[in-house]
$ cat final-v1.tsv   # TSV, C-alpha atoms
chain	number	residue	atom	x	y	z
A	153	MET	CA	125.56	123.30	44.63
A	154	ALA	CA	125.55	126.66	42.82
A	155	TYR	CA	127.63	126.87	39.66
A	156	ASP	CA	129.92	129.53	41.14
A	157	ASN	CA	130.96	127.31	44.06
A	158	ILE	CA	132.16	124.27	42.10
A	159	GLN	CA	135.80	123.32	42.55
A	160	LEU	CA	137.43	122.80	39.16
A	161	ASP	CA	140.43	120.49	38.80
A	162	LYS	CA	141.88	117.84	36.49
A	163	GLY	CA	140.07	115.09	38.37
A	164	LEU	CA	136.89	116.02	36.50
A	165	TYR	CA	138.46	114.54	33.35
A	166	THR	CA	139.09	111.16	34.97
A	167	THR	CA	135.47	110.22	35.64
A	168	GLY	CA	134.94	108.48	32.29
A	169	LYS	CA	132.73	111.37	31.20
A	170	SER	CA	133.37	114.61	29.37
A	171	LEU	CA	133.93	117.70	31.50
A	172	THR	CA	130.45	118.94	30.62
A	173	GLN	CA	128.87	115.64	31.69
A	174	ALA	CA	130.85	115.65	34.93
A	175	LEU	CA	129.77	119.22	35.68
A	176	GLU	CA	126.15	118.42	34.87
A	177	THR	CA	126.21	115.70	37.52
A	178	THR	CA	127.06	118.29	40.18
A	179	ASP	CA	125.26	121.26	38.63
A	180	PRO	CA	122.24	120.03	36.60
A	181	SER	CA	120.88	122.44	33.99
A	182	GLU	CA	117.32	121.59	34.99
A	183	ASN	CA	117.88	123.61	38.19
A	184	TYR	CA	118.10	126.79	36.12
A	185	ARG	CA	114.75	126.63	34.35
A	186	GLY	CA	113.01	129.98	34.47
A	187	THR	CA	116.20	131.82	35.41
A	188	ALA	CA	118.54	134.08	33.46
A	189	LEU	CA	120.90	131.12	33.03
A	190	GLU	CA	118.33	128.90	31.31
A	191	GLY	CA	119.68	127.64	27.99
A	192	LEU	CA	123.29	127.38	29.21
A	193	ASP	CA	124.79	123.99	29.99
A	194	ALA	CA	127.07	123.37	32.98
A	195	TYR	CA	130.26	124.17	31.02
A	196	GLU	CA	128.87	127.39	29.61
A	197	ARG	CA	127.89	128.48	33.11
A	198	GLN	CA	131.52	128.06	34.15
A	199	LEU	CA	132.63	130.27	31.25
A	200	LYS	CA	130.14	132.87	32.45
A	201	ARG	CA	131.36	132.46	36.03
A	202	PHE	CA	134.91	133.43	35.04
A	203	GLY	CA	133.88	135.92	32.35
A	204	ILE	CA	135.49	134.02	29.46
A	205	HIS	CA	134.08	134.92	26.04
A	206	VAL	CA	135.03	132.38	23.37
A	207	ALA	CA	133.09	133.73	20.37
A	208	GLY	CA	132.32	136.98	18.59
A	209	THR	CA	134.23	140.19	18.04
A	210	GLY	CA	134.52	140.65	21.80
A	211	SER	CA	136.13	137.26	22.40
A	212	ASP	CA	138.94	137.09	24.93
A	213	ARG	CA	142.57	136.22	24.38
A	214	ILE	CA	143.74	132.67	24.99
A	215	GLU	CA	145.66	133.81	28.04
A	216	LYS	CA	142.42	134.34	29.96
A	217	PHE	CA	142.05	130.56	30.28
A	218	PHE	CA	145.34	130.42	32.19
A	219	ARG	CA	144.82	133.05	34.84
A	220	SER	CA	144.20	130.36	37.44
A	221	GLY	CA	144.25	126.61	37.83
A	222	GLU	CA	140.46	126.50	37.71
A	223	THR	CA	140.12	128.42	34.47
A	224	ALA	CA	142.90	126.31	32.90
A	225	THR	CA	140.77	123.25	33.67
A	226	LEU	CA	138.16	124.60	31.26
A	227	PHE	CA	140.59	124.84	28.33
A	228	PRO	CA	140.62	121.18	27.11
A	229	GLU	CA	136.81	121.20	26.92
A	230	TYR	CA	136.92	124.39	24.85
A	231	ILE	CA	139.34	122.64	22.46
A	232	ALA	CA	137.13	119.55	22.21
A	233	ARG	CA	133.98	121.59	21.60
A	234	ALA	CA	135.53	123.66	18.83
A	235	VAL	CA	136.90	120.55	17.09
A	236	ARG	CA	133.51	118.85	17.46
A	237	GLN	CA	131.80	121.85	15.83
A	238	GLY	CA	134.05	121.57	12.80
A	239	LEU	CA	133.55	117.82	12.63
A	240	GLU	CA	129.78	118.16	12.75
A	241	ARG	CA	129.70	120.91	10.12
A	242	ALA	CA	131.74	118.85	7.64
A	243	ASP	CA	130.26	115.50	8.62
A	244	LYS	CA	128.70	113.48	5.79
A	245	LEU	CA	128.51	110.24	7.76
A	246	ALA	CA	124.88	110.95	8.64
A	247	GLU	CA	124.10	110.67	4.91
A	248	ILE	CA	125.50	107.13	4.68
A	249	THR	CA	125.08	105.71	8.19
A	250	ALA	CA	122.21	103.50	9.34
A	251	ALA	CA	123.21	103.11	13.01
A	252	THR	CA	125.70	104.55	15.50
A	253	THR	CA	127.07	102.51	18.39
A	254	ILE	CA	129.03	104.01	21.30
A	255	ILE	CA	131.39	101.63	23.10
A	256	ASN	CA	133.66	102.02	26.13
A	257	GLY	CA	136.52	99.81	24.89
A	258	LEU	CA	138.14	98.91	21.59
A	259	ASP	CA	136.75	95.38	21.09
A	260	TYR	CA	133.40	95.20	19.32
A	261	ARG	CA	131.69	92.69	17.06
A	262	SER	CA	128.86	93.74	14.83
A	263	VAL	CA	126.11	91.36	13.70
A	264	SER	CA	125.38	89.56	10.45
A	265	CYS	CA	121.87	88.95	9.24
A	266	GLU	CA	120.93	86.09	6.90
A	267	THR	CA	117.45	84.97	5.82
A	268	GLU	CA	116.64	81.58	4.33
A	269	ASN	CA	115.99	81.35	0.62
A	270	GLY	CA	112.35	81.58	-0.30
A	271	ALA	CA	111.51	84.01	2.48
A	272	ASP	CA	109.44	86.04	0.03
A	273	THR	CA	107.16	83.05	-0.65
A	274	PRO	CA	103.94	82.78	1.40
A	275	THR	CA	104.09	80.09	4.09
A	276	ALA	CA	101.56	77.30	3.86
A	277	GLU	CA	99.30	76.49	6.81
A	278	ALA	CA	101.13	74.65	9.60
A	279	ALA	CA	104.44	75.07	7.78
A	280	GLN	CA	107.46	76.58	9.47
A	281	LEU	CA	108.11	80.27	8.87
A	282	PRO	CA	111.39	81.25	7.17
A	283	VAL	CA	114.23	81.87	9.60
A	284	THR	CA	116.36	84.99	9.80
A	285	GLN	CA	119.66	84.29	11.55
A	286	LEU	CA	121.31	87.05	13.58
A	287	ARG	CA	124.87	86.23	14.62
A	288	SER	CA	127.90	88.06	15.90
A	289	LYS	CA	130.47	88.48	13.15
A	290	SER	CA	133.62	86.41	13.30
A	291	SER	CA	135.92	89.43	13.16
A	292	LEU	CA	136.18	92.51	15.35
A	293	VAL	CA	135.39	95.92	13.96
A	294	GLY	CA	138.66	97.64	13.08
A	295	MET	CA	138.90	100.69	15.33
A	296	LYS	CA	141.20	103.46	14.11
A	297	LYS	CA	142.28	106.67	15.75
A	298	HIS	CA	142.01	109.88	13.74
A	299	GLY	CA	143.31	113.17	15.02
A	300	ARG	CA	145.90	115.92	15.06
A	301	VAL	CA	148.67	117.11	17.35
A	302	LEU	CA	148.61	120.76	18.39
A	303	ASN	CA	152.25	121.79	18.43
A	304	ALA	CA	152.19	125.43	19.53
A	305	SER	CA	153.36	127.02	22.74
A	306	TYR	CA	151.15	129.13	24.94
A	307	GLU	CA	153.63	131.99	24.57
A	308	ALA	CA	153.13	131.96	20.79
A	309	LEU	CA	149.33	132.09	21.05
A	310	ARG	CA	148.54	133.86	24.32
A	311	TYR	CA	147.63	137.20	22.71
A	312	HIS	CA	145.47	135.74	19.94
A	313	ARG	CA	141.70	135.96	20.22
A	314	LEU	CA	139.76	132.82	20.97
A	315	ASP	CA	137.42	133.50	18.04
A	316	LEU	CA	140.33	133.15	15.60
A	317	PHE	CA	141.69	130.10	17.39
A	318	THR	CA	138.25	128.49	17.17
A	319	VAL	CA	138.35	128.77	13.38
A	320	THR	CA	141.60	126.78	13.33
A	321	LEU	CA	140.20	124.13	15.64
A	322	ARG	CA	137.05	123.79	13.57
A	323	GLN	CA	139.19	123.15	10.49
A	324	ILE	CA	140.95	120.37	12.40
A	325	GLY	CA	137.50	118.90	13.07
A	326	ALA	CA	136.63	119.15	9.38
A	327	GLU	CA	139.81	117.30	8.44
A	328	ILE	CA	138.97	114.54	10.91
A	329	ALA	CA	135.46	114.32	9.41
A	330	ASN	CA	136.92	113.90	5.91
A	331	ALA	CA	139.26	111.16	7.17
A	332	LEU	CA	136.32	109.33	8.75
A	333	LEU	CA	134.32	109.59	5.54
A	334	ALA	CA	137.23	108.13	3.56
A	335	GLU	CA	137.39	105.16	5.94
A	336	ALA	CA	133.62	104.67	5.77
A	337	VAL	CA	133.67	104.64	1.97
A	338	GLU	CA	136.53	102.12	2.00
A	339	VAL	CA	134.51	99.79	4.24
A	340	LEU	CA	131.39	100.19	2.10
A	341	ILE	CA	133.32	99.27	-1.03
A	342	ASP	CA	135.82	96.66	0.21
A	343	GLY	CA	133.94	95.29	3.22
A	344	ASP	CA	134.73	95.33	6.92
A	345	GLY	CA	137.02	92.29	7.00
A	346	THR	CA	134.22	89.75	7.27
A	347	ALA	CA	133.84	87.42	4.29
A	348	GLY	CA	131.14	88.43	1.82
A	349	THR	CA	130.80	92.07	2.94
A	350	ALA	CA	132.35	93.74	-0.12
A	351	ALA	CA	129.98	95.79	-2.25
A	352	LEU	CA	128.41	94.39	-5.38
A	353	THR	CA	129.69	95.86	-8.66
A	354	VAL	CA	127.88	96.96	-11.78
A	355	SER	CA	129.78	97.81	-14.95
A	356	LYS	CA	129.04	100.77	-17.18
A	357	GLY	CA	127.79	100.04	-20.69
A	358	GLY	CA	130.61	102.09	-22.23
A	359	SER	CA	133.58	104.25	-21.38
A	360	ASP	CA	131.38	107.25	-20.52
A	361	LEU	CA	128.59	107.38	-17.97
A	362	SER	CA	125.09	107.23	-19.43
A	363	TYR	CA	121.62	107.60	-17.98
A	364	ALA	CA	121.07	103.94	-18.77
A	365	ASP	CA	123.98	103.16	-16.41
A	366	LEU	CA	122.20	105.02	-13.61
A	367	ILE	CA	119.02	103.09	-14.33
A	368	ALA	CA	120.94	99.80	-14.18
A	369	LEU	CA	122.52	100.87	-10.90
A	370	TRP	CA	119.15	101.82	-9.45
A	371	ASN	CA	117.65	98.55	-10.68
A	372	SER	CA	120.36	96.51	-8.94
A	373	PHE	CA	118.91	97.39	-5.51
A	374	ASP	CA	116.53	94.65	-4.50
A	375	PRO	CA	115.06	94.52	-1.89
A	376	PHE	CA	116.87	97.70	-0.87
A	377	GLU	CA	116.39	101.29	-2.03
A	378	MET	CA	119.06	103.49	-3.59
A	379	THR	CA	118.97	106.51	-1.29
A	380	THR	CA	122.48	107.92	-1.72
A	381	LEU	CA	125.12	108.26	-4.43
A	382	VAL	CA	128.71	109.15	-3.52
A	383	GLY	CA	131.26	109.92	-6.20
A	384	SER	CA	134.53	111.66	-6.90
A	385	ALA	CA	134.44	115.15	-8.38
A	386	GLY	CA	134.74	113.77	-11.92
A	387	ALA	CA	131.99	111.18	-11.42
A	388	VAL	CA	129.60	113.73	-9.91
A	389	GLN	CA	130.34	116.09	-12.78
A	390	ALA	CA	129.53	113.32	-15.26
A	391	VAL	CA	126.18	112.73	-13.53
A	392	LEU	CA	125.25	116.41	-13.56
A	393	ALA	CA	126.27	116.73	-17.23
A	394	LEU	CA	123.82	114.08	-18.41
A	395	ASP	CA	121.07	115.48	-20.63
A	396	GLU	CA	118.44	113.79	-18.48
A	397	MET	CA	119.72	115.69	-15.42
A	398	ARG	CA	119.35	119.14	-17.01
A	399	ASP	CA	115.82	119.63	-15.82
A	400	GLY	CA	114.85	123.31	-15.66
A	401	PHE	CA	113.33	123.25	-12.20
A	402	ALA	CA	116.16	121.12	-10.81
A	403	GLY	CA	118.67	123.50	-12.32
A	404	LEU	CA	117.01	126.51	-10.71
A	405	ASP	CA	117.19	124.80	-7.32
A	406	PHE	CA	120.88	124.00	-7.83
A	407	HIS	CA	121.71	127.56	-8.86
A	408	GLY	CA	119.65	129.09	-6.07
A	409	SER	CA	120.49	126.83	-3.13
A	410	GLY	CA	123.53	124.79	-4.13
A	411	ASN	CA	121.59	121.56	-3.59
A	412	LEU	CA	122.71	119.00	-6.16
A	413	VAL	CA	120.23	117.37	-8.50
A	414	THR	CA	118.97	114.06	-7.10
A	415	PRO	CA	119.34	111.27	-9.68
A	416	LEU	CA	116.37	108.93	-9.40
A	417	GLY	CA	115.56	110.38	-5.97
A	418	ALA	CA	119.01	109.58	-4.51
A	419	ARG	CA	121.03	112.14	-2.55
A	420	LEU	CA	124.18	113.00	-4.52
A	421	LEU	CA	127.38	113.58	-2.52
A	422	LYS	CA	130.86	114.52	-3.69
A	423	SER	CA	133.86	112.94	-1.99
A	424	ALA	CA	137.46	112.34	-3.02
A	425	ALA	CA	137.28	109.13	-0.95
A	426	VAL	CA	135.58	107.33	-3.87
A	427	PRO	CA	138.03	106.08	-6.54
A	428	ALA	CA	138.08	108.17	-9.71
A	429	GLY	CA	135.41	107.28	-12.23
A	430	GLN	CA	133.31	105.26	-9.77
A	431	LEU	CA	129.97	105.88	-8.11
A	432	LEU	CA	129.10	104.29	-4.79
A	433	ALA	CA	125.37	103.74	-4.37
A	434	LEU	CA	123.84	102.64	-1.10
A	435	ASP	CA	120.74	102.36	1.00
A	436	LYS	CA	121.71	104.56	3.95
A	437	ASN	CA	119.07	102.88	6.10
A	438	CYS	CA	120.69	99.45	5.86
A	439	ALA	CA	124.30	99.61	4.74
A	440	LEU	CA	126.66	100.89	7.44
A	441	GLU	CA	127.16	100.96	11.20
A	442	VAL	CA	129.56	103.48	12.73
A	443	VAL	CA	131.19	102.47	16.02
A	444	LYS	CA	132.65	105.17	18.27
A	445	ALA	CA	134.95	104.57	21.23
A	446	GLY	CA	133.86	107.58	23.25
A	447	ASP	CA	133.89	111.21	22.16
A	448	ILE	CA	136.58	113.65	21.03
A	449	LEU	CA	139.59	113.08	23.29
A	450	THR	CA	142.18	115.66	24.29
A	451	ASP	CA	145.40	115.42	26.28
A	452	TYR	CA	143.83	117.35	29.11
A	453	ASP	CA	146.89	117.18	31.37
A	454	LYS	CA	149.19	118.67	28.72
A	455	LEU	CA	146.68	121.35	27.80
A	456	ILE	CA	146.31	122.37	31.44
A	457	ASP	CA	149.88	122.00	32.70
A	458	HIS	CA	151.99	122.56	29.61
A	459	GLN	CA	149.69	124.91	27.72
A	460	LEU	CA	149.42	123.53	24.16
A	461	ASP	CA	152.82	121.78	24.16
A	462	ARG	CA	152.14	118.98	21.64
A	463	ALA	CA	148.65	118.11	22.83
A	464	ALA	CA	146.77	115.45	20.87
A	465	ILE	CA	143.14	115.66	19.74
A	466	SER	CA	141.66	112.41	18.49
A	467	ALA	CA	138.56	110.33	17.84
A	468	THR	CA	138.58	106.53	17.66
A	469	VAL	CA	136.01	105.19	15.20
A	470	GLY	CA	135.32	101.99	13.26
A	471	PHE	CA	132.80	100.89	10.65
A	472	ALA	CA	130.89	97.67	9.96
A	473	LYS	CA	128.71	96.58	7.05
A	474	ILE	CA	125.19	95.61	8.08
A	475	PHE	CA	123.72	94.29	4.81
A	476	ALA	CA	126.40	93.77	2.15
A	477	ASP	CA	123.88	94.01	-0.73
A	478	ALA	CA	122.84	97.50	0.41
A	479	ALA	CA	125.93	98.98	-1.29
A	480	VAL	CA	126.73	98.77	-5.02
A	481	VAL	CA	129.62	100.25	-6.99
A	482	LEU	CA	129.23	101.47	-10.57
A	483	GLN	CA	132.58	101.24	-12.34
$ encode --input "final-v1.tsv" --output "structure tokens"
Amino acid sequence: MAYDNIQLDKGLYTTGKSLTQALETTDPSENYRGTALEGLDAYERQLKRFGIHVAGTGSDRIEKFFRSGETATLFPEYIARAVRQGLERADKLAEITAATTIINGLDYRSVSCETENGADTPTAEAAQLPVTQLRSKSSLVGMKKHGRVLNASYEALRYHRLDLFTVTLRQIGAEIANALLAEAVEVLIDGDGTAGTAALTVSKGGSDLSYADLIALWNSFDPFEMTTLVGSAGAVQAVLALDEMRDGFAGLDFHGSGNLVTPLGARLLKSAAVPAGQLLALDKNCALEVVKAGDILTDYDKLIDHQLDRAAISATVGFAKIFADAAVVLQ
């Protein structure tokens, strides 16, 4: 079926897929290879079909989405995409996440991994190899909903350009990303509710951070590797102010690109989610699993029928510790 003959209605949102995925089922992008529409996905082809421009100085007004029932059907997906763009731009979870799991419900158990003592000792001939036990955790991953409510009437926004509205939606996505990071940091430090999953702690040698403290923190990772450091603004400032961190070449890179100096090869991130004065160190390849119950959700019926009258935008996400010893807190 050609993209300009597809019937658009609210039923496309009830398939268990996003609107784009539902459209791709009927109108696959692979059918447009070698054509002028190559590079557009099924949703973008619908925007082109109805002449809706959502970006740039020539972007249309919001009212163009509501000229017909079919074009109004495209509006919730526009909202979700703009929020997702903001979330992805501000997202730091990729820096601290080892695995991502997508689930269809709200009940999920992660796994625990335990290896017998002496696993690092060679096994004698005919002796039994050490056993690593993989088990489902006793507690469910705590799934929490993060989002915002859009409380603005269509009449108040109808003459505004979509490009400006997109900026607002992206900021909503960024705020959701910061909330998710705060929850992830809390799980890394305090554990995911399963016994023994709280992070190890290392104490500073004095009241002020020293390079020796960083060495002790780095040395506490065994058999893991310290790949990432996350700290509050004050803690990151203390790291950067150390004499040992004032390397000339590293400083030039920081001034020229904005990339922070990497203490002992670890990626340094700033986040208000970490308690003041503390540094969270982790092995991003082993420490944390993020669990997502679907994608960005919108109240599609309200956005289509009631035109922005208190429509909710949300993402339901949870976090689980994989290896508890892969996260250490310097305090």
$ residues_near_point --input "final-v1.tsv" --point "(135.5, 106.2, -11.4)" --cutoff "8 Å" --atoms "only C-alpha atoms" --output "short mmCIF file (atom, residue, chain, number, x, y, z; two decimals) with C-alpha atoms, in the coordinates of the input"
data_model
loop_
_atom_site.label_atom_id
_atom_site.label_comp_id
_atom_site.auth_asym_id
_atom_site.auth_seq_id
_atom_site.Cartn_x
_atom_site.Cartn_y
_atom_site.Cartn_z
CA GLY A 383 131.26 109.92 -6.20
CA SER A 384 134.53 111.66 -6.90
CA GLY A 386 134.74 113.77 -11.92
CA ALA A 387 131.99 111.18 -11.42
CA VAL A 426 135.58 107.33 -3.87
CA PRO A 427 138.03 106.08 -6.54
CA ALA A 428 138.08 108.17 -9.71
CA GLY A 429 135.41 107.28 -12.23
CA GLN A 430 133.31 105.26 -9.77
CA LEU A 431 129.97 105.88 -8.11
CA LEU A 482 129.23 101.47 -10.57
CA GLN A 483 132.58 101.24 -12.34
#
$ residues_around --input "final-v1.tsv" --residues "segment 198-201 of chain A" --least-positions-apart "3" --cutoff "7 Å" --atoms "only C-alpha atoms" --output "PDB file with C-alpha atoms, in the coordinates of the input"
ATOM      1  CA  TYR A 155     127.630 126.870  39.660  1.00  0.00           C
ATOM      2  CA  ASP A 156     129.920 129.530  41.140  1.00  0.00           C
ATOM      3  CA  ALA A 194     127.070 123.370  32.980  1.00  0.00           C
ATOM      4  CA  TYR A 195     130.260 124.170  31.020  1.00  0.00           C
ATOM      5  CA  ILE A 204     135.490 134.020  29.460  1.00  0.00           C
TER       6      ILE A 204
END
$ residues_around --input "final-v1.tsv" --residues "segment 254-262 of chain A" --least-positions-apart "2" --cutoff "8 Å" --atoms "only C-alpha atoms" --output "list in words"
Thr252, Ser264, Ser288, Lys289, Ser290, Ser291, Leu292, Val293, Met295, Val443, Lys444, Ala445, Gly446, Ala472 and Ile474 of chain A
$ write_last_selection --input "final-v1.tsv" --atoms "C-alpha atoms" --output "short mmCIF file (atom, residue, chain, number, x, y, z; two decimals), in the coordinates of the input"
data_model
loop_
_atom_site.label_atom_id
_atom_site.label_comp_id
_atom_site.auth_asym_id
_atom_site.auth_seq_id
_atom_site.Cartn_x
_atom_site.Cartn_y
_atom_site.Cartn_z
CA THR A 252 125.70 104.55 15.50
CA SER A 264 125.38 89.56 10.45
CA SER A 288 127.90 88.06 15.90
CA LYS A 289 130.47 88.48 13.15
CA SER A 290 133.62 86.41 13.30
CA SER A 291 135.92 89.43 13.16
CA LEU A 292 136.18 92.51 15.35
CA VAL A 293 135.39 95.92 13.96
CA MET A 295 138.90 100.69 15.33
CA VAL A 443 131.19 102.47 16.02
CA LYS A 444 132.65 105.17 18.27
CA ALA A 445 134.95 104.57 21.23
CA GLY A 446 133.86 107.58 23.25
CA ALA A 472 130.89 97.67 9.96
CA ILE A 474 125.19 95.61 8.08
#
$ residues_around --input "final-v1.tsv" --residues "His205 of chain A" --least-positions-apart "2" --cutoff "10 Å" --atoms "all atoms listed in the file" --output "NGL selection string"
:A and (196 or 199-200 or 202-203 or 207-214 or 216 or 313-315)
$ residues_around --input "final-v1.tsv" --residues "Leu434 of chain A" --least-positions-apart "4" --cutoff "8 Å" --atoms "all atoms listed in the file" --output "ChimeraX atom specification"
/A:248,377-381,439,478-480
$ closest_residue --input "final-v1.tsv" --among "A:Ala329, A:Ala476, A:Leu171, A:Leu281" --to "Arg241 of chain A" --atoms "all atoms listed in the file"
A:Ala329
$ atom_distance --input "final-v1.tsv" --atom1 "atom CA of Ala304 of chain A" --atom2 "atom CA of Asn330 of chain A"
23.5 Å
$ atom_distance --input "final-v1.tsv" --atom1 "atom CA of Gly186 of chain A" --atom2 "atom CA of Leu226 of chain A"
25.9 Å
$ residues_near_point --input "final-v1.tsv" --point "(139.4, 121.3, 38.3)" --cutoff "6 Å" --atoms "only C-alpha atoms" --output "list in words"
Gln159, Leu160, Asp161, Lys162, Glu222 and Thr225 of chain A
$ closest_residue --input "final-v1.tsv" --among "A:Trp370, A:Tyr184, A:Tyr230, A:Phe475" --to "Leu455 of chain A" --atoms "all atoms listed in the file"
A:Tyr230
$ atom_distance --input "final-v1.tsv" --atom1 "atom CA of Asn371 of chain A" --atom2 "atom CA of Gly357 of chain A"
14.3 Å
$ closest_residue --input "final-v1.tsv" --among "A:Tyr306, A:Ala334, A:Arg185, A:Phe376" --to "Ala224 of chain A" --atoms "all atoms listed in the file"
A:Tyr306
$ closest_residue --input "final-v1.tsv" --among "A:Val339, A:Leu460, A:Leu316, A:Val391" --to "Tyr363 of chain A" --atoms "only C-alpha atoms"
A:Val391
$ residues_around --input "final-v1.tsv" --residues "Ala331 of chain A" --least-positions-apart "2" --cutoff "12 Å" --atoms "only C-alpha atoms" --output "PyMOL selection string"
chain A and resi 239+242-245+296-300+324-329+333-338+423-425+466-470
$ closest_residue --input "final-v1.tsv" --among "A:Gln285, A:Thr167, A:Gln173, A:Ser372" --to "Leu352 of chain A" --atoms "only C-alpha atoms"
A:Ser372
$ closest_residue --input "final-v1.tsv" --among "A:Pro375, A:Gly343, A:Gly417, A:Gly358" --to "Lys473 of chain A" --atoms "all atoms listed in the file"
A:Gly343
$ axis_aligned_box --input "final-v1.tsv" --around "segment 315-318 of chain A" --padding-each-side "3 Å" --output "AutoDock Vina command-line options"
--center_x 139.6 --center_y 131.0 --center_z 16.8 --size_x 10.3 --size_y 11.0 --size_z 8.4
